[in-house]
>>> print(open('target.cif').read())   # mmCIF, C-alpha atoms
data_coords
loop_
_atom_site.group_PDB
_atom_site.id
_atom_site.type_symbol
_atom_site.label_atom_id
_atom_site.label_comp_id
_atom_site.auth_asym_id
_atom_site.auth_seq_id
_atom_site.Cartn_x
_atom_site.Cartn_y
_atom_site.Cartn_z
ATOM 1 C CA MET Y 1 130.674 42.635 154.313
ATOM 2 C CA ARG Y 2 130.968 44.907 157.328
ATOM 3 C CA THR Y 3 128.591 42.539 159.132
ATOM 4 C CA LEU Y 4 131.007 39.663 158.677
ATOM 5 C CA PHE Y 5 133.730 41.667 160.412
ATOM 6 C CA TYR Y 6 131.394 42.251 163.339
ATOM 7 C CA TYR Y 7 130.588 38.542 163.316
ATOM 8 C CA ASN Y 8 134.279 37.653 163.496
ATOM 9 C CA TRP Y 9 134.918 40.067 166.328
ATOM 10 C CA GLN Y 10 131.958 38.858 168.344
ATOM 11 C CA ILE Y 11 133.114 35.242 168.025
ATOM 12 C CA ARG Y 12 136.722 36.190 168.762
ATOM 13 C CA ASP Y 13 135.683 37.904 171.995
ATOM 14 C CA GLU Y 14 133.625 34.893 173.009
ATOM 15 C CA TRP Y 15 136.660 32.653 172.479
ATOM 16 C CA LEU Y 16 138.848 34.985 174.511
ATOM 17 C CA GLN Y 17 136.240 34.670 177.237
ATOM 18 C CA VAL Y 18 136.311 30.856 177.048
ATOM 19 C CA PHE Y 19 140.124 30.944 177.209
ATOM 20 C CA GLU Y 20 139.810 32.435 180.689
ATOM 21 C CA SER Y 21 138.742 29.041 181.981
ATOM 22 C CA ILE Y 22 141.587 27.101 180.328
ATOM 23 C CA PRO Y 23 145.008 26.728 182.021
ATOM 24 C CA VAL Y 24 147.648 28.747 180.138
ATOM 25 C CA ILE Y 25 149.701 25.594 179.675
ATOM 26 C CA GLU Y 26 146.817 24.158 177.598
ATOM 27 C CA LEU Y 27 146.496 27.389 175.642
ATOM 28 C CA LEU Y 28 150.182 27.254 174.766
ATOM 29 C CA ARG Y 29 150.440 23.509 174.066
ATOM 30 C CA ASP Y 30 151.666 22.742 170.565
ATOM 31 C CA ARG Y 31 148.859 20.743 168.937
ATOM 32 C CA LYS Y 32 150.881 19.761 165.864
ATOM 33 C CA SER Y 33 148.348 21.153 163.425
ATOM 34 C CA GLY Y 34 146.972 24.496 162.295
ATOM 35 C CA VAL Y 35 149.126 27.350 163.600
ATOM 36 C CA GLY Y 36 150.131 25.229 166.615
ATOM 37 C CA SER Y 37 148.312 26.317 169.771
ATOM 38 C CA PHE Y 38 145.195 28.151 170.909
ATOM 39 C CA LEU Y 39 147.107 31.326 171.678
ATOM 40 C CA LYS Y 40 149.255 31.198 168.553
ATOM 41 C CA THR Y 41 146.083 30.861 166.487
ATOM 42 C CA MET Y 42 144.498 33.844 168.186
ATOM 43 C CA PHE Y 43 147.678 35.877 167.738
ATOM 44 C CA HIS Y 44 147.874 34.864 164.082
ATOM 45 C CA ILE Y 45 144.279 35.965 163.456
ATOM 46 C CA ILE Y 46 144.828 39.369 165.076
ATOM 47 C CA ASP Y 47 148.204 39.890 163.426
ATOM 48 C CA VAL Y 48 147.118 38.922 159.906
ATOM 49 C CA GLU Y 49 143.987 41.068 160.033
ATOM 50 C CA TYR Y 50 145.949 44.122 161.078
ATOM 51 C CA SER Y 51 148.758 43.626 158.557
ATOM 52 C CA TRP Y 52 146.279 43.482 155.698
ATOM 53 C CA ILE Y 53 144.287 46.461 156.923
ATOM 54 C CA ARG Y 54 147.541 48.458 157.111
ATOM 55 C CA ALA Y 55 148.386 47.315 153.591
ATOM 56 C CA ILE Y 56 144.963 48.422 152.326
ATOM 57 C CA LYS Y 57 145.547 51.793 153.946
ATOM 58 C CA ASN Y 58 148.957 51.921 152.250
ATOM 59 C CA GLU Y 59 150.726 51.940 155.590
ATOM 60 C CA SER Y 60 153.855 49.964 156.431
ATOM 61 C CA ASP Y 61 153.487 46.648 158.226
ATOM 62 C CA ILE Y 62 154.017 46.563 161.992
ATOM 63 C CA ILE Y 63 155.597 43.348 163.219
ATOM 64 C CA PHE Y 64 154.345 41.930 166.529
ATOM 65 C CA GLN Y 65 156.209 39.143 168.345
ATOM 66 C CA PHE Y 66 154.195 36.261 169.722
ATOM 67 C CA GLU Y 67 156.585 36.193 172.707
ATOM 68 C CA ASP Y 68 155.059 39.484 173.883
ATOM 69 C CA TYR Y 69 151.488 38.151 173.776
ATOM 70 C CA LYS Y 70 151.758 34.710 175.343
ATOM 71 C CA ASP Y 71 149.141 35.422 177.943
ATOM 72 C CA LEU Y 72 145.461 36.302 177.794
ATOM 73 C CA HIS Y 73 145.706 39.813 179.133
ATOM 74 C CA PRO Y 74 148.158 41.230 176.544
ATOM 75 C CA MET Y 75 146.422 39.243 173.791
ATOM 76 C CA ARG Y 76 143.058 40.746 174.598
ATOM 77 C CA ASN Y 77 144.571 44.225 174.820
ATOM 78 C CA LEU Y 78 146.212 43.854 171.441
ATOM 79 C CA SER Y 79 142.965 42.740 169.829
ATOM 80 C CA LYS Y 80 141.088 45.619 171.450
ATOM 81 C CA LYS Y 81 143.647 48.259 170.526
ATOM 82 C CA LEU Y 82 143.965 47.264 166.873
ATOM 83 C CA ARG Y 83 140.224 46.895 166.501
ATOM 84 C CA LEU Y 84 139.660 50.574 167.195
ATOM 85 C CA GLU Y 85 141.655 51.406 164.090
ATOM 86 C CA ILE Y 86 140.258 48.576 161.981
ATOM 87 C CA ASN Y 87 136.709 49.391 162.992
ATOM 88 C CA GLU Y 88 137.167 52.972 161.869
ATOM 89 C CA PHE Y 89 138.387 51.755 158.513
ATOM 90 C CA ILE Y 90 135.542 49.250 158.120
ATOM 91 C CA ASN Y 91 132.946 51.849 159.051
ATOM 92 C CA ASN Y 92 134.293 54.169 156.370
ATOM 93 C CA TRP Y 93 134.462 51.442 153.745
ATOM 94 C CA SER Y 94 132.476 52.063 150.584
ATOM 95 C CA ASN Y 95 131.928 49.833 147.584
ATOM 96 C CA GLU Y 96 133.744 52.233 145.279
ATOM 97 C CA MET Y 97 136.958 51.106 146.988
ATOM 98 C CA GLU Y 98 136.495 47.446 145.942
ATOM 99 C CA TYR Y 99 138.881 47.626 142.987
ATOM 100 C CA ASP Y 100 141.498 49.968 144.377
ATOM 101 C CA ILE Y 101 144.917 48.375 144.339
ATOM 102 C CA VAL Y 102 146.727 47.035 147.421
ATOM 103 C CA THR Y 103 150.491 46.464 147.363
ATOM 104 C CA PRO Y 104 151.499 44.613 150.543
ATOM 105 C CA SER Y 105 155.079 45.294 151.601
ATOM 106 C CA TRP Y 106 155.734 41.575 152.235
ATOM 107 C CA MET Y 107 154.733 40.272 148.794
ATOM 108 C CA GLU Y 108 155.655 40.913 145.195
ATOM 109 C CA LYS Y 109 152.023 41.009 144.142
ATOM 110 C CA THR Y 110 149.108 43.390 144.022
ATOM 111 C CA PHE Y 111 145.510 42.734 144.992
ATOM 112 C CA TYR Y 112 142.181 44.520 144.994
ATOM 113 C CA LYS Y 113 141.001 46.010 148.262
ATOM 114 C CA GLY Y 114 137.726 44.075 148.144
ATOM 115 C CA GLU Y 115 139.692 40.887 147.570
ATOM 116 C CA VAL Y 116 141.863 41.543 150.611
ATOM 117 C CA LEU Y 117 138.853 42.272 152.822
ATOM 118 C CA ARG Y 118 137.336 38.930 151.862
ATOM 119 C CA HIS Y 119 140.674 37.249 152.496
ATOM 120 C CA ILE Y 120 140.771 38.657 156.040
ATOM 121 C CA LEU Y 121 137.203 37.526 156.745
ATOM 122 C CA VAL Y 122 137.704 34.007 155.498
ATOM 123 C CA HIS Y 123 141.045 33.742 157.282
ATOM 124 C CA GLU Y 124 139.550 34.305 160.722
ATOM 125 C CA ILE Y 125 136.540 32.016 160.217
ATOM 126 C CA HIS Y 126 138.853 29.248 159.004
ATOM 127 C CA HIS Y 127 141.103 29.418 162.062
ATOM 128 C CA ILE Y 128 138.198 29.723 164.479
ATOM 129 C CA GLY Y 129 136.891 26.425 163.091
ATOM 130 C CA GLN Y 130 140.209 24.912 164.110
ATOM 131 C CA LEU Y 131 139.868 26.125 167.712
ATOM 132 C CA SER Y 132 136.533 24.361 167.940
ATOM 133 C CA ILE Y 133 138.196 21.031 167.087
ATOM 134 C CA TRP Y 134 140.849 21.386 169.744
ATOM 135 C CA SER Y 135 138.314 22.488 172.354
ATOM 136 C CA LYS Y 136 136.166 19.471 171.832
ATOM 137 C CA GLU Y 137 139.267 17.265 172.026
ATOM 138 C CA ILE Y 138 140.239 18.611 175.447
ATOM 139 C CA GLY Y 139 136.656 18.734 176.646
ATOM 140 C CA ILE Y 140 136.082 22.449 177.049
ATOM 141 C CA GLU Y 141 133.244 24.667 175.900
ATOM 142 C CA VAL Y 142 133.009 25.323 172.144
ATOM 143 C CA VAL Y 143 131.810 28.763 171.072
ATOM 144 C CA ASN Y 144 128.693 28.584 168.912
ATOM 145 C CA SER Y 145 129.802 29.876 165.541
ATOM 146 C CA ASN Y 146 126.404 30.287 163.886
ATOM 147 C CA PHE Y 147 125.909 33.564 162.085
ATOM 148 C CA ILE Y 148 122.156 33.434 162.615
ATOM 149 C CA GLY Y 149 120.859 34.137 166.077
ATOM 150 C CA ARG Y 150 123.439 36.850 166.758
ATOM 151 C CA GLU Y 151 121.260 39.770 165.681
ATOM 152 C CA LEU Y 152 124.088 41.005 163.496
ATOM 153 C CA PHE Y 153 121.886 41.527 160.503
ATOM 154 C CA GLU Y 154 119.399 44.257 161.177
ATOM 155 C CA LYS Y 155 117.164 46.069 158.739
ATOM 156 C CA LYS Y 156 118.420 49.607 158.180
ATOM 157 C CA MET F 1 128.897 37.764 148.413
ATOM 158 C CA ARG F 2 128.506 35.617 145.308
ATOM 159 C CA THR F 3 132.313 35.446 145.185
ATOM 160 C CA LEU F 4 132.419 33.812 148.604
ATOM 161 C CA PHE F 5 130.125 31.055 147.371
ATOM 162 C CA TYR F 6 132.483 30.444 144.459
ATOM 163 C CA TYR F 7 135.360 30.440 146.930
ATOM 164 C CA ASN F 8 133.645 27.797 149.071
ATOM 165 C CA TRP F 9 132.874 25.611 146.089
ATOM 166 C CA GLN F 10 136.408 25.812 144.730
ATOM 167 C CA ILE F 11 137.844 24.789 148.103
ATOM 168 C CA ARG F 12 135.226 22.052 148.534
ATOM 169 C CA ASP F 13 136.151 20.544 145.170
ATOM 170 C CA GLU F 14 139.832 20.649 146.058
ATOM 171 C CA TRP F 15 139.105 18.783 149.292
ATOM 172 C CA LEU F 16 137.050 16.188 147.436
ATOM 173 C CA GLN F 17 140.087 15.766 145.198
ATOM 174 C CA VAL F 18 142.399 15.292 148.184
ATOM 175 C CA PHE F 19 139.968 12.749 149.669
ATOM 176 C CA GLU F 20 140.675 10.542 146.640
ATOM 177 C CA SER F 21 144.083 9.758 148.110
ATOM 178 C CA ILE F 22 142.800 8.894 151.595
ATOM 179 C CA PRO F 23 141.561 5.370 152.460
ATOM 180 C CA VAL F 24 137.782 5.384 153.013
ATOM 181 C CA ILE F 25 138.295 3.968 156.499
ATOM 182 C CA GLU F 26 140.185 7.172 157.413
ATOM 183 C CA LEU F 27 137.490 9.319 155.824
ATOM 184 C CA LEU F 28 134.855 7.583 157.927
ATOM 185 C CA ARG F 29 136.802 7.402 161.201
ATOM 186 C CA ASP F 30 135.025 9.158 164.073
ATOM 187 C CA ARG F 31 137.441 11.889 165.210
ATOM 188 C CA LYS F 32 135.457 12.760 168.348
ATOM 189 C CA SER F 33 135.180 16.436 167.456
ATOM 190 C CA GLY F 34 133.435 18.654 164.923
ATOM 191 C CA VAL F 35 130.779 16.705 163.040
ATOM 192 C CA GLY F 36 132.756 13.488 163.525
ATOM 193 C CA SER F 37 134.558 12.422 160.358
ATOM 194 C CA PHE F 38 135.858 13.844 157.075
ATOM 195 C CA LEU F 39 132.904 12.483 155.119
ATOM 196 C CA LYS F 40 130.303 13.453 157.702
ATOM 197 C CA THR F 41 131.682 16.992 157.652
ATOM 198 C CA MET F 42 131.499 17.168 153.888
ATOM 199 C CA PHE F 43 127.975 15.753 153.920
ATOM 200 C CA HIS F 44 126.954 18.247 156.617
ATOM 201 C CA ILE F 45 128.290 21.180 154.570
ATOM 202 C CA ILE F 46 126.429 20.107 151.429
ATOM 203 C CA ASP F 47 123.238 19.255 153.297
ATOM 204 C CA VAL F 48 123.081 22.468 155.338
ATOM 205 C CA GLU F 49 123.776 24.688 152.335
ATOM 206 C CA TYR F 50 120.983 23.093 150.343
ATOM 207 C CA SER F 51 118.440 23.119 153.179
ATOM 208 C CA TRP F 52 118.919 26.838 153.677
ATOM 209 C CA ILE F 53 118.785 27.627 149.971
ATOM 210 C CA ARG F 54 115.513 25.689 149.744
ATOM 211 C CA ALA F 55 114.205 27.643 152.737
ATOM 212 C CA ILE F 56 115.169 30.942 151.095
ATOM 213 C CA LYS F 57 113.307 29.839 147.997
ATOM 214 C CA ASN F 58 110.335 28.956 150.198
ATOM 215 C CA GLU F 59 110.594 25.314 149.231
ATOM 216 C CA SER F 60 110.205 22.374 151.619
ATOM 217 C CA ASP F 61 113.340 20.775 153.058
ATOM 218 C CA ILE F 62 114.629 17.590 151.450
ATOM 219 C CA ILE F 63 116.196 15.179 153.922
ATOM 220 C CA PHE F 64 119.296 13.290 152.796
ATOM 221 C CA GLN F 65 120.661 10.325 154.763
ATOM 222 C CA PHE F 66 124.390 10.140 155.378
ATOM 223 C CA GLU F 67 124.148 6.355 154.946
ATOM 224 C CA ASP F 68 123.506 6.914 151.232
ATOM 225 C CA TYR F 69 126.608 9.091 150.761
ATOM 226 C CA LYS F 70 129.295 7.232 152.682
ATOM 227 C CA ASP F 71 131.610 7.073 149.722
ATOM 228 C CA LEU F 72 133.349 9.661 147.587
ATOM 229 C CA HIS F 73 131.506 9.006 144.373
ATOM 230 C CA PRO F 74 127.924 9.583 145.644
ATOM 231 C CA MET F 75 129.168 12.484 147.811
ATOM 232 C CA ARG F 76 130.692 14.247 144.841
ATOM 233 C CA ASN F 77 127.579 13.617 142.739
ATOM 234 C CA LEU F 78 125.336 15.069 145.429
ATOM 235 C CA SER F 79 127.462 18.205 145.698
ATOM 236 C CA LYS F 80 127.498 18.603 141.936
ATOM 237 C CA LYS F 81 123.792 18.044 141.481
ATOM 238 C CA LEU F 82 122.685 20.447 144.210
ATOM 239 C CA ARG F 83 125.172 23.074 143.099
ATOM 240 C CA LEU F 84 123.451 23.440 139.741
ATOM 241 C CA GLU F 85 120.330 24.623 141.513
ATOM 242 C CA ILE F 86 122.160 26.714 144.126
ATOM 243 C CA ASN F 87 124.335 28.339 141.513
ATOM 244 C CA GLU F 88 121.269 29.412 139.571
ATOM 245 C CA PHE F 89 119.868 30.984 142.698
ATOM 246 C CA ILE F 90 123.120 32.737 143.584
ATOM 247 C CA ASN F 91 123.503 34.077 140.052
ATOM 248 C CA ASN F 92 120.028 35.574 140.217
ATOM 249 C CA TRP F 93 120.566 37.048 143.674
ATOM 250 C CA SER F 94 120.105 40.790 143.968
ATOM 251 C CA ASN F 95 120.622 43.088 146.930
ATOM 252 C CA GLU F 96 116.950 44.008 147.050
ATOM 253 C CA MET F 97 116.333 40.501 148.392
ATOM 254 C CA GLU F 98 118.544 41.041 151.485
ATOM 255 C CA TYR F 99 115.650 41.768 153.846
ATOM 256 C CA ASP F 100 113.049 39.390 152.478
ATOM 257 C CA ILE F 101 111.871 36.983 155.161
ATOM 258 C CA VAL F 102 112.850 33.306 155.370
ATOM 259 C CA THR F 103 110.788 30.854 157.426
ATOM 260 C CA PRO F 104 112.672 27.550 157.625
ATOM 261 C CA SER F 105 110.385 24.558 158.097
ATOM 262 C CA TRP F 106 112.606 23.124 160.851
ATOM 263 C CA MET F 107 112.641 26.168 163.148
ATOM 264 C CA GLU F 108 110.118 28.368 164.877
ATOM 265 C CA LYS F 109 111.943 31.500 163.794
ATOM 266 C CA THR F 110 112.252 33.815 160.844
ATOM 267 C CA PHE F 111 115.380 35.293 159.322
ATOM 268 C CA TYR F 112 116.368 37.693 156.567
ATOM 269 C CA LYS F 113 117.538 36.194 153.297
ATOM 270 C CA GLY F 114 120.842 38.099 153.431
ATOM 271 C CA GLU F 115 121.386 36.814 156.940
ATOM 272 C CA VAL F 116 120.856 33.217 155.839
ATOM 273 C CA LEU F 117 123.242 33.593 152.906
ATOM 274 C CA ARG F 118 125.966 34.792 155.268
ATOM 275 C CA HIS F 119 125.167 31.933 157.617
ATOM 276 C CA ILE F 120 125.693 29.413 154.811
ATOM 277 C CA LEU F 121 129.006 30.996 153.797
ATOM 278 C CA VAL F 122 130.419 31.112 157.290
ATOM 279 C CA HIS F 123 129.200 27.580 158.009
ATOM 280 C CA GLU F 124 131.238 26.037 155.207
ATOM 281 C CA ILE F 125 134.430 27.996 155.917
ATOM 282 C CA HIS F 126 134.216 27.034 159.585
ATOM 283 C CA HIS F 127 133.946 23.309 158.873
ATOM 284 C CA ILE F 128 136.625 23.387 156.191
ATOM 285 C CA GLY F 129 139.004 24.806 158.812
ATOM 286 C CA GLN F 130 138.279 21.687 160.841
ATOM 287 C CA LEU F 131 139.228 19.368 157.977
ATOM 288 C CA SER F 132 142.601 21.072 157.786
ATOM 289 C CA ILE F 133 143.315 20.161 161.430
ATOM 290 C CA TRP F 134 142.496 16.496 160.923
ATOM 291 C CA SER F 135 144.511 16.327 157.707
ATOM 292 C CA LYS F 136 147.607 17.654 159.351
ATOM 293 C CA GLU F 137 147.109 15.201 162.210
ATOM 294 C CA ILE F 138 147.061 12.195 159.881
ATOM 295 C CA GLY F 139 149.798 13.605 157.663
ATOM 296 C CA ILE F 140 147.945 14.222 154.431
ATOM 297 C CA GLU F 141 147.855 17.216 152.134
ATOM 298 C CA VAL F 142 146.009 20.297 153.439
ATOM 299 C CA VAL F 143 144.121 22.381 150.880
ATOM 300 C CA ASN F 144 145.315 25.989 150.797
ATOM 301 C CA SER F 145 142.357 27.999 151.992
ATOM 302 C CA ASN F 146 143.572 31.482 151.088
ATOM 303 C CA PHE F 147 141.033 33.644 149.325
ATOM 304 C CA ILE F 148 143.739 35.640 147.575
ATOM 305 C CA GLY F 149 145.591 33.952 144.754
ATOM 306 C CA ARG F 150 142.482 32.183 143.442
ATOM 307 C CA GLU F 151 141.556 34.804 140.879
ATOM 308 C CA LEU F 152 138.037 34.830 142.233
ATOM 309 C CA PHE F 153 137.846 38.568 142.427
ATOM 310 C CA GLU F 154 137.970 40.056 138.982
ATOM 311 C CA LYS F 155 137.190 43.589 137.924
ATOM 312 C CA LYS F 156 133.883 43.720 136.099
#
>>> encode(input="target.cif", output="C-alpha cells")
Amino acid sequence: MRTLFYYNWQIRDEWLQVFESIPVIELLRDRKSGVGSFLKTMFHIIDVEYSWIRAIKNESDIIFQFEDYKDLHPMRNLSKKLRLEINEFINNWSNEMEYDIVTPSWMEKTFYKGEVLRHILVHEIHHIGQLSIWSKEIGIEVVNSNFIGRELFEKK
Amino acid sequence: MRTLFYYNWQIRDEWLQVFESIPVIELLRDRKSGVGSFLKTMFHIIDVEYSWIRAIKNESDIIFQFEDYKDLHPMRNLSKKLRLEINEFINNWSNEMEYDIVTPSWMEKTFYKGEVLRHILVHEIHHIGQLSIWSKEIGIEVVNSNFIGRELFEKK
C-alpha cells in the first residue's frame, strides 16, 4: 500500500511540473466539472490527503484556504511540507493498524485506518484521471499515469 | 489489495447502471480526450484488466474487438464473464506471489506480479475519474467514487 502512496506522489510532482508550462489563467479556469479547475483539483488532493492522515493520527483537522494557494509556488510548497509528515506516517505504517478506529472531526462516523488509507489513495488517482481529460482538451502534455515502468515496485 | 478490486468492480457496475439512462449515441460520442468515449473507456478498462490477469497466469492474450461490444448489453456480459475468472484468481492470490515474474506477450519486458496487480487497480480508477468529468459535462448522474461508505473493508 505504501507503494501506491509513492506512486501518487510521483505522478503529482510530474503534474506540478507540467503546470509550469501552462498559463495561470488556464490553471484557474473553471471547467464546470470535477472540482472545477486544475489548481483547485491539486489543492483538493493535497488537502484531503492531509486531513485524513491527521484524522488517522487522532489530530485535529487544519483548514487551508484555496485563496492562499492559487499559484504554483505556494501549491508546491504546501504539498512538499505536508508530505514530510505524511511520509513519516506511511513509513511507520504496519498492518496491525489496519483495524484501528478513526473518528474524523468533520463526520459523525467512524472508519478503520486501513479503510481510510485506501480512500486517500483512490481519491488522488481518481482526480488525477480528471486532469488528464482537461489537459488533452486544451492540448497540453498529459502525464503518463501507468504504475508499471516507474520502478516503484522493487524486490526487498 | 483484493478490496481495491472489489471497489473497482462495484464502481464499474454502478457506472454500467448509469449508462442505461444515457442514449447510446452519447455513450459512443468521441470526446477527443481519454480513450475517446464512455463505451470505449469501459471496454478499455475491461480489456486491459483481463489481458494483464491472463499474463500473470502465464496464459496467452485474448484480443477483443470494440466493434463487438458497442452496446451496453454485450459490454455488461463481457465484464461479467471475465470477472468470474479474475475473481477466482484474486481470491486465490497470496502475498508470496508478489515477486513472481510476469512476461506479457505484447511487451519485451518483465514485471512482478504484485506490480501488475497494482497497475490494473490504478488503471481502472484513473479512467473512471475521466468518466465523471464527461458525465458532469453532459449533465448526467456521476457515480460516487468514495472508497469509504461502501462497506468494503470489514474486520475479518
>>> resolve_selection(input="target.cif", expression="the PyMOL selection byres ((chain Y and resi 7) around 12)", output="PyMOL selection string")
(chain Y and resi 1-6+8-14+121-122+124-125+128+144-153) or (chain F and resi 115+118-119+122)
>>> calpha_fit_and_write(input="target.cif", fixed="chain F", moving="chain Y", output="tab-separated table (two decimals) with C-alpha atoms, keeping the file's coordinate frame")
chain	number	residue	atom	x	y	z
Y	1	MET	CA	128.88	37.76	148.43
Y	2	ARG	CA	128.51	35.63	145.32
Y	3	THR	CA	132.31	35.45	145.19
Y	4	LEU	CA	132.42	33.82	148.60
Y	5	PHE	CA	130.11	31.06	147.37
Y	6	TYR	CA	132.47	30.44	144.46
Y	7	TYR	CA	135.36	30.43	146.93
Y	8	ASN	CA	133.64	27.80	149.06
Y	9	TRP	CA	132.87	25.61	146.09
Y	10	GLN	CA	136.39	25.81	144.73
Y	11	ILE	CA	137.84	24.78	148.10
Y	12	ARG	CA	135.22	22.05	148.54
Y	13	ASP	CA	136.15	20.53	145.18
Y	14	GLU	CA	139.83	20.65	146.06
Y	15	TRP	CA	139.10	18.78	149.30
Y	16	LEU	CA	137.06	16.18	147.44
Y	17	GLN	CA	140.08	15.75	145.20
Y	18	VAL	CA	142.40	15.30	148.20
Y	19	PHE	CA	139.97	12.74	149.66
Y	20	GLU	CA	140.68	10.54	146.65
Y	21	SER	CA	144.08	9.75	148.10
Y	22	ILE	CA	142.81	8.89	151.60
Y	23	PRO	CA	141.57	5.37	152.47
Y	24	VAL	CA	137.78	5.39	153.01
Y	25	ILE	CA	138.30	3.97	156.49
Y	26	GLU	CA	140.19	7.17	157.40
Y	27	LEU	CA	137.50	9.32	155.82
Y	28	LEU	CA	134.86	7.60	157.92
Y	29	ARG	CA	136.80	7.42	161.20
Y	30	ASP	CA	135.03	9.16	164.06
Y	31	ARG	CA	137.43	11.89	165.21
Y	32	LYS	CA	135.47	12.77	168.35
Y	33	SER	CA	135.17	16.43	167.46
Y	34	GLY	CA	133.43	18.65	164.94
Y	35	VAL	CA	130.77	16.71	163.04
Y	36	GLY	CA	132.76	13.48	163.54
Y	37	SER	CA	134.55	12.43	160.36
Y	38	PHE	CA	135.85	13.83	157.09
Y	39	LEU	CA	132.92	12.49	155.11
Y	40	LYS	CA	130.30	13.45	157.69
Y	41	THR	CA	131.68	16.99	157.65
Y	42	MET	CA	131.50	17.16	153.88
Y	43	PHE	CA	127.97	15.76	153.92
Y	44	HIS	CA	126.96	18.24	156.61
Y	45	ILE	CA	128.29	21.18	154.58
Y	46	ILE	CA	126.44	20.10	151.43
Y	47	ASP	CA	123.24	19.26	153.29
Y	48	VAL	CA	123.08	22.47	155.34
Y	49	GLU	CA	123.76	24.69	152.34
Y	50	TYR	CA	120.98	23.09	150.34
Y	51	SER	CA	118.44	23.12	153.17
Y	52	TRP	CA	118.92	26.84	153.68
Y	53	ILE	CA	118.80	27.63	149.97
Y	54	ARG	CA	115.51	25.69	149.75
Y	55	ALA	CA	114.22	27.64	152.74
Y	56	ILE	CA	115.17	30.95	151.10
Y	57	LYS	CA	113.32	29.84	147.99
Y	58	ASN	CA	110.34	28.95	150.19
Y	59	GLU	CA	110.60	25.31	149.24
Y	60	SER	CA	110.21	22.38	151.62
Y	61	ASP	CA	113.33	20.78	153.06
Y	62	ILE	CA	114.63	17.59	151.45
Y	63	ILE	CA	116.20	15.18	153.92
Y	64	PHE	CA	119.30	13.28	152.78
Y	65	GLN	CA	120.66	10.31	154.75
Y	66	PHE	CA	124.38	10.14	155.38
Y	67	GLU	CA	124.15	6.35	154.93
Y	68	ASP	CA	123.51	6.92	151.22
Y	69	TYR	CA	126.61	9.10	150.77
Y	70	LYS	CA	129.30	7.24	152.68
Y	71	ASP	CA	131.62	7.06	149.73
Y	72	LEU	CA	133.35	9.66	147.59
Y	73	HIS	CA	131.51	9.01	144.37
Y	74	PRO	CA	127.93	9.60	145.64
Y	75	MET	CA	129.16	12.49	147.80
Y	76	ARG	CA	130.70	14.26	144.84
Y	77	ASN	CA	127.59	13.63	142.74
Y	78	LEU	CA	125.35	15.07	145.42
Y	79	SER	CA	127.47	18.21	145.70
Y	80	LYS	CA	127.51	18.61	141.93
Y	81	LYS	CA	123.78	18.05	141.48
Y	82	LEU	CA	122.68	20.45	144.21
Y	83	ARG	CA	125.16	23.08	143.10
Y	84	LEU	CA	123.45	23.45	139.74
Y	85	GLU	CA	120.33	24.63	141.52
Y	86	ILE	CA	122.16	26.71	144.13
Y	87	ASN	CA	124.33	28.34	141.51
Y	88	GLU	CA	121.27	29.41	139.57
Y	89	PHE	CA	119.86	30.98	142.69
Y	90	ILE	CA	123.12	32.74	143.58
Y	91	ASN	CA	123.51	34.08	140.06
Y	92	ASN	CA	120.03	35.57	140.23
Y	93	TRP	CA	120.57	37.05	143.68
Y	94	SER	CA	120.11	40.79	143.97
Y	95	ASN	CA	120.63	43.08	146.93
Y	96	GLU	CA	116.95	44.00	147.05
Y	97	MET	CA	116.34	40.49	148.40
Y	98	GLU	CA	118.54	41.04	151.49
Y	99	TYR	CA	115.65	41.77	153.85
Y	100	ASP	CA	113.06	39.38	152.49
Y	101	ILE	CA	111.87	36.99	155.15
Y	102	VAL	CA	112.87	33.31	155.37
Y	103	THR	CA	110.80	30.86	157.42
Y	104	PRO	CA	112.68	27.55	157.63
Y	105	SER	CA	110.39	24.55	158.10
Y	106	TRP	CA	112.62	23.11	160.85
Y	107	MET	CA	112.65	26.16	163.15
Y	108	GLU	CA	110.14	28.37	164.87
Y	109	LYS	CA	111.96	31.51	163.80
Y	110	THR	CA	112.25	33.81	160.83
Y	111	PHE	CA	115.39	35.29	159.32
Y	112	TYR	CA	116.37	37.69	156.57
Y	113	LYS	CA	117.55	36.20	153.30
Y	114	GLY	CA	120.84	38.10	153.43
Y	115	GLU	CA	121.39	36.81	156.95
Y	116	VAL	CA	120.85	33.22	155.84
Y	117	LEU	CA	123.25	33.59	152.90
Y	118	ARG	CA	125.96	34.80	155.27
Y	119	HIS	CA	125.16	31.94	157.62
Y	120	ILE	CA	125.69	29.41	154.81
Y	121	LEU	CA	129.00	31.00	153.80
Y	122	VAL	CA	130.41	31.10	157.29
Y	123	HIS	CA	129.19	27.58	158.00
Y	124	GLU	CA	131.24	26.03	155.21
Y	125	ILE	CA	134.42	28.00	155.92
Y	126	HIS	CA	134.21	27.03	159.59
Y	127	HIS	CA	133.94	23.31	158.87
Y	128	ILE	CA	136.63	23.39	156.19
Y	129	GLY	CA	139.00	24.80	158.83
Y	130	GLN	CA	138.27	21.68	160.85
Y	131	LEU	CA	139.22	19.36	157.98
Y	132	SER	CA	142.59	21.07	157.78
Y	133	ILE	CA	143.30	20.16	161.42
Y	134	TRP	CA	142.49	16.51	160.93
Y	135	SER	CA	144.51	16.33	157.72
Y	136	LYS	CA	147.60	17.66	159.34
Y	137	GLU	CA	147.11	15.20	162.22
Y	138	ILE	CA	147.06	12.20	159.89
Y	139	GLY	CA	149.79	13.61	157.68
Y	140	ILE	CA	147.94	14.21	154.43
Y	141	GLU	CA	147.85	17.22	152.14
Y	142	VAL	CA	146.00	20.30	153.45
Y	143	VAL	CA	144.11	22.38	150.89
Y	144	ASN	CA	145.32	25.98	150.80
Y	145	SER	CA	142.36	28.00	152.00
Y	146	ASN	CA	143.58	31.48	151.09
Y	147	PHE	CA	141.03	33.63	149.32
Y	148	ILE	CA	143.74	35.62	147.57
Y	149	GLY	CA	145.58	33.94	144.74
Y	150	ARG	CA	142.47	32.17	143.45
Y	151	GLU	CA	141.54	34.81	140.87
Y	152	LEU	CA	138.02	34.82	142.24
Y	153	PHE	CA	137.84	38.57	142.43
Y	154	GLU	CA	137.96	40.05	138.98
Y	155	LYS	CA	137.21	43.58	137.90
Y	156	LYS	CA	133.90	43.72	136.05
>>> atom_distance(input="target.cif", atom1="CA of Tyr69 in chain Y", atom2="CA of Leu27 in chain Y")
12.0 Å
>>> closest_residue(input="target.cif", among="Y:Gln130, Y:Asp68, Y:Glu96, Y:Ile45", to="Lys32 in chain Y", atoms="only C-alpha atoms")
Y:Gln130
